[in-house]
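Quick look at structure.pdb (PDB, C-alpha atoms):
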```
ATOM      1  CA  MET H  11      81.786  73.143 329.179
ATOM      2  CA  PRO H  12      79.355  70.673 330.851
ATOM      3  CA  SER H  13      80.845  67.710 332.652
ATOM      4  CA  GLN H  14      80.213  64.122 331.629
ATOM      5  CA  ARG H  15      77.952  63.776 334.663
ATOM      6  CA  GLN H  16      75.880  66.837 333.713
ATOM      7  CA  ARG H  17      75.489  65.629 330.112
ATOM      8  CA  ALA H  18      74.214  62.258 331.344
ATOM      9  CA  ASP H  19      71.730  63.929 333.681
ATOM     10  CA  ARG H  20      70.371  66.110 330.866
ATOM     11  CA  SER H  21      69.945  63.036 328.657
ATOM     12  CA  LEU H  22      67.257  61.801 331.035
ATOM     13  CA  ASN H  23      64.977  64.593 329.780
ATOM     14  CA  GLY H  24      65.017  63.201 326.238
ATOM     15  CA  LYS H  25      65.881  59.796 324.854
ATOM     16  CA  PHE H  26      67.655  57.916 327.608
ATOM     17  CA  ASP H  27      71.413  57.687 327.035
ATOM     18  CA  LEU H  28      72.390  54.573 328.973
ATOM     19  CA  LYS H  29      76.004  54.672 327.841
ATOM     20  CA  GLY H  30      76.388  58.252 329.016
ATOM     21  CA  TYR H  31      74.545  57.482 332.222
ATOM     22  CA  LEU H  32      76.807  54.534 333.057
ATOM     23  CA  LEU H  33      79.958  56.474 332.182
ATOM     24  CA  ALA H  34      78.976  59.391 334.376
ATOM     25  CA  ARG H  35      77.775  57.327 337.298
ATOM     26  CA  SER H  36      80.800  55.019 337.074
ATOM     27  CA  ALA H  37      83.110  58.031 337.214
ATOM     28  CA  ALA H  38      81.307  59.321 340.303
ATOM     29  CA  ILE H  39      81.437  55.879 341.942
ATOM     30  CA  ASP H  40      85.161  55.534 341.210
ATOM     31  CA  GLU H  41      85.838  58.981 342.675
ATOM     32  CA  ALA H  42      83.914  58.070 345.821
ATOM     33  CA  LEU H  43      85.616  54.676 346.159
ATOM     34  CA  ASP H  44      88.996  56.355 345.870
ATOM     35  CA  ARG H  45      88.029  58.685 348.740
ATOM     36  CA  PHE H  46      86.570  55.958 350.939
ATOM     37  CA  LEU H  47      89.372  53.393 350.607
ATOM     38  CA  PRO H  48      92.781  53.646 352.280
ATOM     39  CA  LYS H  49      95.451  54.860 349.881
ATOM     40  CA  ALA H  50      97.661  52.239 348.232
ATOM     41  CA  THR H  51     100.642  53.528 350.222
ATOM     42  CA  ALA H  52      98.911  53.197 353.612
ATOM     43  CA  LYS H  53     100.272  50.379 355.789
ATOM     44  CA  PRO H  54      99.986  47.510 355.138
ATOM     45  CA  ALA H  55     100.629  48.674 351.594
ATOM     46  CA  THR H  56     100.484  45.212 350.008
ATOM     47  CA  LEU H  57      96.963  44.681 351.327
ATOM     48  CA  HIS H  58      95.713  48.073 350.188
ATOM     49  CA  ARG H  59      97.273  47.640 346.750
ATOM     50  CA  ALA H  60      95.520  44.288 346.430
ATOM     51  CA  MET H  61      92.168  45.774 347.470
ATOM     52  CA  ARG H  62      92.505  48.539 344.897
ATOM     53  CA  TYR H  63      93.821  46.202 342.203
ATOM     54  CA  SER H  64      90.567  44.243 342.141
ATOM     55  CA  LEU H  65      88.245  47.135 342.930
ATOM     56  CA  PHE H  66      89.559  49.295 340.073
ATOM     57  CA  ALA H  67      89.982  46.466 337.563
ATOM     58  CA  GLY H  68      87.484  47.862 335.086
ATOM     59  CA  GLY H  69      84.148  46.542 336.271
ATOM     60  CA  LYS H  70      80.998  48.036 334.737
ATOM     61  CA  ARG H  71      79.668  49.193 338.146
ATOM     62  CA  VAL H  72      76.227  47.797 337.341
ATOM     63  CA  ARG H  73      75.273  47.105 340.960
ATOM     64  CA  PRO H  74      76.180  50.533 342.319
ATOM     65  CA  ALA H  75      74.589  52.158 339.259
ATOM     66  CA  LEU H  76      71.357  50.325 340.096
ATOM     67  CA  CYS H  77      71.617  51.671 343.632
ATOM     68  CA  LEU H  78      71.916  55.262 342.377
ATOM     69  CA  ALA H  79      69.126  54.779 339.825
ATOM     70  CA  ALA H  80      66.818  53.458 342.548
ATOM     71  CA  ALA H  81      67.402  56.613 344.580
ATOM     72  CA  GLU H  82      66.419  58.696 341.549
ATOM     73  CA  ALA H  83      63.290  56.587 340.944
ATOM     74  CA  CYS H  84      62.172  57.422 344.484
ATOM     75  CA  GLY H  85      62.711  61.142 343.956
ATOM     76  CA  GLY H  86      65.991  61.341 345.842
ATOM     77  CA  ASP H  87      69.377  62.882 345.086
ATOM     78  CA  TRP H  88      71.541  60.094 343.678
ATOM     79  CA  THR H  89      74.638  61.496 345.389
ATOM     80  CA  ASP H  90      73.077  60.624 348.751
ATOM     81  CA  ALA H  91      73.186  56.969 347.692
ATOM     82  CA  LEU H  92      76.930  56.976 346.924
ATOM     83  CA  PRO H  93      78.031  55.450 350.258
ATOM     84  CA  SER H  94      75.601  52.554 349.821
ATOM     85  CA  ALA H  95      76.569  52.137 346.166
ATOM     86  CA  CYS H  96      80.267  51.988 347.048
ATOM     87  CA  ALA H  97      79.611  49.531 349.868
ATOM     88  CA  ILE H  98      77.759  47.259 347.442
ATOM     89  CA  GLU H  99      80.668  47.366 344.981
ATOM     90  CA  CYS H 100      83.169  46.525 347.721
ATOM     91  CA  ILE H 101      81.136  43.470 348.724
ATOM     92  CA  HIS H 102      80.709  42.401 345.108
ATOM     93  CA  THR H 103      84.466  42.685 344.511
ATOM     94  CA  TYR H 104      85.267  40.765 347.687
ATOM     95  CA  SER H 105      83.005  37.955 346.506
ATOM     96  CA  LEU H 106      84.772  37.837 343.134
ATOM     97  CA  ILE H 107      88.223  37.674 344.723
ATOM     98  CA  HIS H 108      87.146  34.731 346.873
ATOM     99  CA  ASP H 109      85.223  33.035 344.042
ATOM    100  CA  ASP H 110      88.370  33.026 341.902
ATOM    101  CA  LEU H 111      90.540  31.294 344.531
ATOM    102  CA  PRO H 112      91.864  27.783 343.798
ATOM    103  CA  ALA H 113      89.681  26.371 346.589
ATOM    104  CA  MET H 114      86.591  27.834 344.914
ATOM    105  CA  ASP H 115      86.258  28.424 341.141
ATOM    106  CA  ASP H 116      90.045  28.407 340.538
ATOM    107  CA  ASP H 117      90.049  31.101 337.832
ATOM    108  CA  ASP H 118      93.152  32.840 336.502
ATOM    109  CA  PHE H 119      91.452  35.828 334.854
ATOM    110  CA  ARG H 120      88.792  38.330 335.876
ATOM    111  CA  ARG H 121      87.734  41.407 333.893
ATOM    112  CA  GLY H 122      90.441  40.634 331.352
ATOM    113  CA  GLN H 123      93.387  40.616 333.755
ATOM    114  CA  PRO H 124      95.038  38.140 336.150
ATOM    115  CA  THR H 125      92.996  37.438 339.263
ATOM    116  CA  SER H 126      94.094  38.697 342.665
ATOM    117  CA  HIS H 127      95.625  35.444 343.866
ATOM    118  CA  LYS H 128      97.692  35.186 340.670
ATOM    119  CA  VAL H 129      99.193  38.616 341.325
ATOM    120  CA  PHE H 130      99.430  38.795 345.127
ATOM    121  CA  GLY H 131      99.255  35.161 346.218
ATOM    122  CA  GLU H 132      96.391  33.313 347.870
ATOM    123  CA  GLY H 133      96.969  34.637 351.389
ATOM    124  CA  ILE H 134      96.864  38.304 350.423
ATOM    125  CA  ALA H 135      93.917  37.680 348.087
ATOM    126  CA  ILE H 136      91.907  36.173 350.950
ATOM    127  CA  LEU H 137      92.783  39.078 353.227
ATOM    128  CA  ALA H 138      92.010  41.660 350.524
ATOM    129  CA  GLY H 139      88.550  40.126 350.173
ATOM    130  CA  ASP H 140      88.076  40.160 353.941
ATOM    131  CA  ALA H 141      89.135  43.802 354.093
ATOM    132  CA  LEU H 142      86.758  44.841 351.305
ATOM    133  CA  LEU H 143      83.864  43.143 353.093
ATOM    134  CA  THR H 144      84.541  44.932 356.349
ATOM    135  CA  VAL H 145      85.303  48.331 354.824
ATOM    136  CA  ALA H 146      81.938  48.088 353.038
ATOM    137  CA  LEU H 147      80.149  48.270 356.385
ATOM    138  CA  GLU H 148      82.279  51.244 357.393
ATOM    139  CA  ILE H 149      81.437  53.045 354.139
ATOM    140  CA  ALA H 150      77.714  52.275 354.461
ATOM    141  CA  SER H 151      77.677  53.887 357.899
ATOM    142  CA  ARG H 152      78.602  57.235 356.308
ATOM    143  CA  GLY H 153      75.326  57.601 354.454
ATOM    144  CA  ARG H 154      72.875  60.424 355.157
ATOM    145  CA  VAL H 155      70.358  59.548 357.865
ATOM    146  CA  VAL H 156      66.727  59.797 356.700
ATOM    147  CA  PRO H 157      63.535  59.592 358.795
ATOM    148  CA  ARG H 158      62.432  56.069 357.791
ATOM    149  CA  TYR H 159      65.837  54.344 357.650
ATOM    150  CA  GLN H 160      68.477  54.790 360.295
ATOM    151  CA  SER H 161      72.105  53.676 359.878
ATOM    152  CA  GLN H 162      71.507  50.401 361.694
ATOM    153  CA  THR H 163      68.750  49.509 359.209
ATOM    154  CA  VAL H 164      71.020  50.159 356.233
ATOM    155  CA  ILE H 165      73.962  48.263 357.703
ATOM    156  CA  GLY H 166      71.699  45.407 358.780
ATOM    157  CA  GLU H 167      70.294  45.100 355.248
ATOM    158  CA  LEU H 168      73.783  45.054 353.752
ATOM    159  CA  ALA H 169      75.177  42.553 356.263
ATOM    160  CA  ALA H 170      72.215  40.210 355.795
ATOM    161  CA  ALA H 171      72.584  40.235 351.997
ATOM    162  CA  ALA H 172      76.281  39.339 352.324
ATOM    163  CA  GLY H 173      75.807  36.806 355.101
ATOM    164  CA  SER H 174      75.313  33.104 355.694
ATOM    165  CA  ARG H 175      71.663  33.049 354.568
ATOM    166  CA  HIS H 176      72.181  34.857 351.267
ATOM    167  CA  LEU H 177      75.440  35.543 349.381
ATOM    168  CA  ILE H 178      77.531  33.017 351.293
ATOM    169  CA  ALA H 179      74.676  30.497 351.335
ATOM    170  CA  GLY H 180      74.588  30.676 347.546
ATOM    171  CA  GLN H 181      78.302  30.021 347.304
ATOM    172  CA  VAL H 182      78.053  27.051 349.659
ATOM    173  CA  ALA H 183      75.179  25.545 347.689
ATOM    174  CA  ASP H 184      77.081  26.186 344.456
ATOM    175  CA  LEU H 185      80.132  24.317 345.752
ATOM    176  CA  GLU H 186      78.051  21.436 347.064
ATOM    177  CA  GLY H 187      76.201  21.194 343.752
ATOM    178  CA  GLU H 188      79.333  20.648 341.644
ATOM    179  CA  GLY H 189      79.185  17.283 339.905
ATOM    180  CA  GLN H 190      75.716  16.607 341.343
ATOM    181  CA  ARG H 191      72.358  16.286 339.612
ATOM    182  CA  ILE H 192      70.267  19.090 341.058
ATOM    183  CA  SER H 193      66.796  20.377 340.265
ATOM    184  CA  VAL H 194      65.824  23.722 338.768
ATOM    185  CA  ARG H 195      64.425  24.629 342.194
ATOM    186  CA  GLN H 196      67.796  23.976 343.831
ATOM    187  CA  LEU H 197      69.555  25.974 341.124
ATOM    188  CA  ARG H 198      67.172  28.891 341.671
ATOM    189  CA  TYR H 199      68.080  28.771 345.371
ATOM    190  CA  ILE H 200      71.750  29.181 344.427
ATOM    191  CA  HIS H 201      71.093  32.078 342.063
ATOM    192  CA  GLU H 202      68.705  33.847 344.428
ATOM    193  CA  ARG H 203      71.391  33.952 347.059
ATOM    194  CA  LYS H 204      74.669  34.088 345.174
ATOM    195  CA  THR H 205      73.640  36.831 342.731
ATOM    196  CA  SER H 206      70.118  38.130 343.256
ATOM    197  CA  ALA H 207      70.490  38.972 346.954
ATOM    198  CA  LEU H 208      73.156  41.626 346.352
ATOM    199  CA  LEU H 209      71.339  43.186 343.385
ATOM    200  CA  ARG H 210      68.145  43.303 345.439
ATOM    201  CA  CYS H 211      70.063  44.889 348.297
ATOM    202  CA  ALA H 212      71.584  47.482 345.938
ATOM    203  CA  VAL H 213      68.246  48.852 344.770
ATOM    204  CA  ARG H 214      66.679  48.698 348.222
ATOM    205  CA  LEU H 215      69.557  50.671 349.713
ATOM    206  CA  GLY H 216      69.194  53.218 346.933
ATOM    207  CA  GLY H 217      65.531  53.607 347.795
ATOM    208  CA  MET H 218      66.332  53.907 351.492
ATOM    209  CA  SER H 219      68.746  56.764 350.816
ATOM    210  CA  ALA H 220      65.784  58.638 349.267
ATOM    211  CA  ASN H 221      63.527  57.900 352.269
ATOM    212  CA  CYS H 222      61.272  55.802 350.024
ATOM    213  CA  THR H 223      57.876  54.574 351.136
ATOM    214  CA  PRO H 224      57.374  50.951 352.255
ATOM    215  CA  ALA H 225      55.480  50.291 349.003
ATOM    216  CA  GLN H 226      58.357  51.663 346.934
ATOM    217  CA  LEU H 227      60.838  49.566 348.913
ATOM    218  CA  ALA H 228      58.803  46.418 348.249
ATOM    219  CA  ALA H 229      58.615  47.218 344.529
ATOM    220  CA  LEU H 230      62.364  47.775 344.373
ATOM    221  CA  GLY H 231      62.902  44.453 346.122
ATOM    222  CA  GLN H 232      60.792  42.654 343.526
ATOM    223  CA  PHE H 233      62.662  44.413 340.742
ATOM    224  CA  GLY H 234      66.079  43.539 342.153
ATOM    225  CA  GLN H 235      65.119  39.935 342.847
ATOM    226  CA  ASN H 236      64.014  39.303 339.265
ATOM    227  CA  VAL H 237      66.806  41.242 337.572
ATOM    228  CA  GLY H 238      69.340  39.428 339.734
ATOM    229  CA  LEU H 239      67.978  36.045 338.726
ATOM    230  CA  ALA H 240      67.903  37.026 335.056
ATOM    231  CA  PHE H 241      71.454  38.344 335.313
ATOM    232  CA  GLN H 242      72.750  35.027 336.606
ATOM    233  CA  VAL H 243      70.805  32.957 334.088
ATOM    234  CA  ILE H 244      72.395  35.015 331.326
ATOM    235  CA  ASP H 245      75.831  34.572 332.912
ATOM    236  CA  ASP H 246      75.246  30.816 332.674
ATOM    237  CA  ILE H 247      74.288  31.211 329.013
ATOM    238  CA  LEU H 248      77.322  33.350 328.171
ATOM    239  CA  ASP H 249      79.705  30.846 329.738
ATOM    240  CA  VAL H 250      78.795  28.372 327.001
ATOM    241  CA  THR H 251      78.193  30.765 324.087
ATOM    242  CA  GLN H 252      81.029  33.294 324.270
ATOM    243  CA  THR H 253      84.829  33.199 324.224
ATOM    244  CA  SER H 254      87.179  34.093 327.049
ATOM    245  CA  GLU H 255      88.078  37.301 325.181
ATOM    246  CA  GLN H 256      84.415  38.334 324.995
ATOM    247  CA  LEU H 257      83.767  37.503 328.633
ATOM    248  CA  GLY H 258      86.971  38.927 330.120
ATOM    249  CA  LYS H 259      87.314  35.697 332.096
ATOM    250  CA  THR H 260      87.847  32.013 331.314
ATOM    251  CA  ALA H 261      84.986  30.668 329.214
ATOM    252  CA  GLY H 262      83.659  27.152 329.739
ATOM    253  CA  LYS H 263      84.631  27.023 333.399
ATOM    254  CA  ASP H 264      81.139  26.026 334.517
ATOM    255  CA  ALA H 265      81.065  22.959 332.281
ATOM    256  CA  ALA H 266      84.658  22.029 333.077
ATOM    257  CA  SER H 267      83.993  22.087 336.823
ATOM    258  CA  GLN H 268      80.598  20.354 336.375
ATOM    259  CA  LYS H 269      78.773  23.312 337.877
ATOM    260  CA  ALA H 270      75.002  23.277 337.891
ATOM    261  CA  THR H 271      73.756  25.869 335.386
ATOM    262  CA  TYR H 272      70.490  26.633 333.614
ATOM    263  CA  PRO H 273      71.793  25.566 330.159
ATOM    264  CA  ALA H 274      73.061  22.294 331.620
ATOM    265  CA  ILE H 275      69.720  21.516 333.256
ATOM    266  CA  VAL H 276      67.085  22.968 330.914
ATOM    267  CA  GLY H 277      68.997  23.816 327.721
ATOM    268  CA  LEU H 278      69.923  27.123 326.057
ATOM    269  CA  GLU H 279      66.577  28.061 324.533
ATOM    270  CA  ARG H 280      64.579  27.502 327.701
ATOM    271  CA  SER H 281      67.276  29.360 329.640
ATOM    272  CA  ARG H 282      66.835  32.380 327.369
ATOM    273  CA  LEU H 283      63.066  32.182 327.825
ATOM    274  CA  ILE H 284      63.470  32.102 331.617
ATOM    275  CA  ALA H 285      65.735  35.156 331.484
ATOM    276  CA  ARG H 286      63.179  37.067 329.419
ATOM    277  CA  ARG H 287      60.332  36.161 331.759
ATOM    278  CA  LEU H 288      62.311  37.239 334.808
ATOM    279  CA  THR H 289      63.129  40.586 333.255
ATOM    280  CA  ASP H 290      59.467  41.090 332.279
ATOM    281  CA  ARG H 291      58.583  40.597 335.937
ATOM    282  CA  ALA H 292      61.238  43.125 336.881
ATOM    283  CA  PHE H 293      59.744  45.700 334.527
ATOM    284  CA  ALA H 294      56.281  45.013 335.950
ATOM    285  CA  ALA H 295      57.591  45.743 339.450
ATOM    286  CA  LEU H 296      58.512  49.267 338.319
ATOM    287  CA  ARG H 297      54.989  50.234 337.219
ATOM    288  CA  PRO H 298      54.179  51.989 340.534
ATOM    289  CA  PHE H 299      56.975  54.496 339.800
ATOM    290  CA  ARG H 300      54.978  55.797 336.797
ATOM    291  CA  GLY H 301      57.828  56.631 334.460
ATOM    292  CA  ARG H 302      60.300  57.838 337.096
ATOM    293  CA  ALA H 303      62.358  54.609 336.917
ATOM    294  CA  VAL H 304      63.675  55.123 333.382
ATOM    295  CA  ALA H 305      67.276  54.453 334.418
ATOM    296  CA  LEU H 306      66.332  51.235 336.209
ATOM    297  CA  GLU H 307      64.394  50.076 333.154
ATOM    298  CA  ALA H 308      67.331  50.852 330.863
ATOM    299  CA  LEU H 309      69.767  49.024 333.127
ATOM    300  CA  ALA H 310      67.511  45.959 333.259
ATOM    301  CA  ASP H 311      67.254  45.969 329.480
ATOM    302  CA  TYR H 312      71.033  46.249 329.221
ATOM    303  CA  LEU H 313      71.496  43.207 331.478
ATOM    304  CA  LEU H 314      69.063  41.134 329.410
ATOM    305  CA  ARG H 315      70.669  42.091 326.092
ATOM    306  CA  ARG H 316      74.104  40.750 327.024
ATOM    307  CA  ASP H 317      73.412  37.468 325.209
ATOM    308  CA  ARG H 318      72.121  39.014 321.968
TER     309      ARG H 318
END
```

Whole structure, structure tokens version:
Amino acid sequence: MPSQRQRADRSLNGKFDLKGYLLARSAAIDEALDRFLPKATAKPATLHRAMRYSLFAGGKRVRPALCLAAAEACGGDWTDALPSACAIECIHTYSLIHDDLPAMDDDDFRRGQPTSHKVFGEGIAILAGDALLTVALEIASRGRVVPRYQSQTVIGELAAAAGSRHLIAGQVADLEGEGQRISVRQLRYIHERKTSALLRCAVRLGGMSANCTPAQLAALGQFGQNVGLAFQVIDDILDVTQTSEQLGKTAGKDAASQKATYPAIVGLERSRLIARRLTDRAFAALRPFRGRAVALEALADYLLRRDR
């Protein structure tokens, strides 16, 4: 009997089955994460339980799935991209743990369950995030070496996306923007760094694992940049249009904390228009792949349809 992964792969030959694709790739990512991470019983057990608690809390694995899909678009074997995909998910989870802390967004729920600091305390939550960030670099170093992209290139790309000029810069600007009147340009700066940088990194690392050409890498970067921006705009929209049960986290937190968001600055309808335009640009970036990026296109469409 064919496995879930094999069924999803076969679906690519006909009408694309995004649900099957995500299920199969998520299962493969979870298996790999389980192998790469220290076991929950390894000392210090409390730390490793906390790392696994957040990492296996039911996320959709969109970022690592984009990484694997990018490898496929470039003609590579998606399994070669698994170390990079897992590293991306570890960094994403670390950022969520820290975002939810009382000193940051102060959220009690994430993915429908209590946040890390509510279960393990603030100290362990901080350390679990730190550990996920550092183990991500270790995992990324295990990827297959290809002619164009050596390990130091991959690790450098990942570290830069997570560093003080990108992911962390976005969080700093987000904190400093609370309660302030900021421009759309300033808000774009936040979103480009806090969300788009990691999505862009995910697809670029996927391409690198397939030894993609410089032109393909540039196209993937454009795709990831625009999808990442659209993703965050839609997150802003959902925070004011959906319930906590629908979101799996506390709804209305952005407004309550006076966060700068697209709906707050330009309104809901213009926010939706911006999201659609960004995704159109993402699709346009995939034209050079000439039909080989079907999974990336389906994932982008899925991200845009979250508010419908």

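With atom CA of Asp44 of chain H on one side and atom CA of Leu147 of chain H on the other, the separation reads 15.9 Å.
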
Any chance you could work out the residue set of the PyMOL selection byres ((chain H and resi 208-221) around 8) here, as a PyMOL selection string? chain H and resi 73-74+76-88+90-91+94-95+98+102+153-159+164+167-168+171-172+177+203-207+222-223+226-227+230-235+237-238

Just to be explicit: take each residue in the selection above, keep C-alpha atoms, and write the result as an mmCIF file, keeping the file's coordinate frame.
```
data_model
loop_
_atom_site.group_PDB
_atom_site.id
_atom_site.type_symbol
_atom_site.label_atom_id
_atom_site.label_comp_id
_atom_site.auth_asym_id
_atom_site.auth_seq_id
_atom_site.Cartn_x
_atom_site.Cartn_y
_atom_site.Cartn_z
ATOM 1 C CA ARG H 73 75.273 47.105 340.960
ATOM 2 C CA PRO H 74 76.180 50.533 342.319
ATOM 3 C CA LEU H 76 71.357 50.325 340.096
ATOM 4 C CA CYS H 77 71.617 51.671 343.632
ATOM 5 C CA LEU H 78 71.916 55.262 342.377
ATOM 6 C CA ALA H 79 69.126 54.779 339.825
ATOM 7 C CA ALA H 80 66.818 53.458 342.548
ATOM 8 C CA ALA H 81 67.402 56.613 344.580
ATOM 9 C CA GLU H 82 66.419 58.696 341.549
ATOM 10 C CA ALA H 83 63.290 56.587 340.944
ATOM 11 C CA CYS H 84 62.172 57.422 344.484
ATOM 12 C CA GLY H 85 62.711 61.142 343.956
ATOM 13 C CA GLY H 86 65.991 61.341 345.842
ATOM 14 C CA ASP H 87 69.377 62.882 345.086
ATOM 15 C CA TRP H 88 71.541 60.094 343.678
ATOM 16 C CA ASP H 90 73.077 60.624 348.751
ATOM 17 C CA ALA H 91 73.186 56.969 347.692
ATOM 18 C CA SER H 94 75.601 52.554 349.821
ATOM 19 C CA ALA H 95 76.569 52.137 346.166
ATOM 20 C CA ILE H 98 77.759 47.259 347.442
ATOM 21 C CA HIS H 102 80.709 42.401 345.108
ATOM 22 C CA GLY H 153 75.326 57.601 354.454
ATOM 23 C CA ARG H 154 72.875 60.424 355.157
ATOM 24 C CA VAL H 155 70.358 59.548 357.865
ATOM 25 C CA VAL H 156 66.727 59.797 356.700
ATOM 26 C CA PRO H 157 63.535 59.592 358.795
ATOM 27 C CA ARG H 158 62.432 56.069 357.791
ATOM 28 C CA TYR H 159 65.837 54.344 357.650
ATOM 29 C CA VAL H 164 71.020 50.159 356.233
ATOM 30 C CA GLU H 167 70.294 45.100 355.248
ATOM 31 C CA LEU H 168 73.783 45.054 353.752
ATOM 32 C CA ALA H 171 72.584 40.235 351.997
ATOM 33 C CA ALA H 172 76.281 39.339 352.324
ATOM 34 C CA LEU H 177 75.440 35.543 349.381
ATOM 35 C CA ARG H 203 71.391 33.952 347.059
ATOM 36 C CA LYS H 204 74.669 34.088 345.174
ATOM 37 C CA THR H 205 73.640 36.831 342.731
ATOM 38 C CA SER H 206 70.118 38.130 343.256
ATOM 39 C CA ALA H 207 70.490 38.972 346.954
ATOM 40 C CA CYS H 222 61.272 55.802 350.024
ATOM 41 C CA THR H 223 57.876 54.574 351.136
ATOM 42 C CA GLN H 226 58.357 51.663 346.934
ATOM 43 C CA LEU H 227 60.838 49.566 348.913
ATOM 44 C CA LEU H 230 62.364 47.775 344.373
ATOM 45 C CA GLY H 231 62.902 44.453 346.122
ATOM 46 C CA GLN H 232 60.792 42.654 343.526
ATOM 47 C CA PHE H 233 62.662 44.413 340.742
ATOM 48 C CA GLY H 234 66.079 43.539 342.153
ATOM 49 C CA GLN H 235 65.119 39.935 342.847
ATOM 50 C CA VAL H 237 66.806 41.242 337.572
ATOM 51 C CA GLY H 238 69.340 39.428 339.734
#
```

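For the choices H:His58, H:Glu279, H:Lys53, H:Ala38, the atom-to-atom distance to Thr251 of chain H is smallest for H:Glu279 when using all atoms listed in the file.
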
How would you write, as an MDAnalysis selection string, the residues chosen by the PyMOL selection byres ((chain H and resi 67) around 12) on this structure? chainID H and resid 40 59:66 68:71 99 103 106:107 119:126 258

Could you please determine the separation between atom CA of Asp116 of chain H and atom CA of Pro54 of chain H in Å, to one decimal place? 26.0 Å

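Across the model, the gap from atom CA of Gly187 of chain H to atom CA of Ala141 of chain H is 28.0 Å.
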
Near Thr271 of chain H, within 10 Å and counting all atoms listed in the file, which residues show up once chain neighbours fewer than 4 positions away are dropped, as a ChimeraX atom specification? /H:184,187-188,192,194,197-198,200-201,242-243,245-247,249,264-265,275-277,281

So, with only C-alpha atoms as the atoms that count, which of H:Arg175, H:Tyr104, H:Asp118, H:Gln162 lies closest to Leu137 of chain H? H:Tyr104

Using all atoms listed in the file, which protein or nucleic acid residues come within 10 Å of Ala42 of chain H? Drop anything in the same chain fewer than 4 positions from it, and give the result as a ChimeraX atom specification. /H:36-38,46-47,89,92-93,95-96

The PyMOL selection byres ((chain H and resi 307) around 12) on the file shown: which residues, as a ChimeraX atom specification? /H:26,28,76,79-80,83,230,233-234,237,289-297,299-306,308-314

Prev. selection, C-alpha atoms, output as a CSV table (one decimal), in the frame of the given file:
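The result, stored in again-v1.csv:
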```
chain,number,residue,atom,x,y,z
H,26,PHE,CA,67.7,57.9,327.6
H,28,LEU,CA,72.4,54.6,329.0
H,76,LEU,CA,71.4,50.3,340.1
H,79,ALA,CA,69.1,54.8,339.8
H,80,ALA,CA,66.8,53.5,342.5
H,83,ALA,CA,63.3,56.6,340.9
H,230,LEU,CA,62.4,47.8,344.4
H,233,PHE,CA,62.7,44.4,340.7
H,234,GLY,CA,66.1,43.5,342.2
H,237,VAL,CA,66.8,41.2,337.6
H,289,THR,CA,63.1,40.6,333.3
H,290,ASP,CA,59.5,41.1,332.3
H,291,ARG,CA,58.6,40.6,335.9
H,292,ALA,CA,61.2,43.1,336.9
H,293,PHE,CA,59.7,45.7,334.5
H,294,ALA,CA,56.3,45.0,336.0
H,295,ALA,CA,57.6,45.7,339.4
H,296,LEU,CA,58.5,49.3,338.3
H,297,ARG,CA,55.0,50.2,337.2
H,299,PHE,CA,57.0,54.5,339.8
H,300,ARG,CA,55.0,55.8,336.8
H,301,GLY,CA,57.8,56.6,334.5
H,302,ARG,CA,60.3,57.8,337.1
H,303,ALA,CA,62.4,54.6,336.9
H,304,VAL,CA,63.7,55.1,333.4
H,305,ALA,CA,67.3,54.5,334.4
H,306,LEU,CA,66.3,51.2,336.2
H,308,ALA,CA,67.3,50.9,330.9
H,309,LEU,CA,69.8,49.0,333.1
H,310,ALA,CA,67.5,46.0,333.3
H,311,ASP,CA,67.3,46.0,329.5
H,312,TYR,CA,71.0,46.2,329.2
H,313,LEU,CA,71.5,43.2,331.5
H,314,LEU,CA,69.1,41.1,329.4
```

For each of H:Ile165, H:Val72, H:Leu111, H:Ile178, take the minimum atom-to-atom distance to Lys128 of chain H, counting all atoms listed in the file, then give the residue where this is smallest. H:Leu111

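Ranking H:Leu283, H:Leu185, H:Ile149, H:Leu239 by their shortest atom-to-atom distance to Met114 of chain H, with only C-alpha atoms included, puts H:Leu185 first.
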
Could you model N, CA and C atoms for segment 30-37 of chain H and present them as a short mmCIF file (atom, residue, chain, number, x, y, z; two decimals), keeping the file's coordinate frame?
```
data_model
loop_
_atom_site.label_atom_id
_atom_site.label_comp_id
_atom_site.auth_asym_id
_atom_site.auth_seq_id
_atom_site.Cartn_x
_atom_site.Cartn_y
_atom_site.Cartn_z
N GLY H 30 75.96 57.04 328.31
CA GLY H 30 76.39 58.25 329.02
C GLY H 30 76.08 58.19 330.49
N TYR H 31 74.93 57.62 330.82
CA TYR H 31 74.54 57.48 332.22
C TYR H 31 75.55 56.61 332.98
N LEU H 32 75.87 55.44 332.40
CA LEU H 32 76.81 54.53 333.06
C LEU H 32 78.20 55.14 333.18
N LEU H 33 78.64 55.84 332.13
CA LEU H 33 79.96 56.47 332.18
C LEU H 33 80.02 57.51 333.29
N ALA H 34 78.98 58.34 333.37
CA ALA H 34 78.98 59.39 334.38
C ALA H 34 78.86 58.83 335.79
N ARG H 35 77.95 57.89 335.96
CA ARG H 35 77.78 57.33 337.30
C ARG H 35 79.00 56.50 337.71
N SER H 36 79.59 55.79 336.76
CA SER H 36 80.80 55.02 337.07
C SER H 36 81.94 55.93 337.51
N ALA H 37 82.06 57.07 336.84
CA ALA H 37 83.11 58.03 337.21
C ALA H 37 82.88 58.54 338.63
#
```
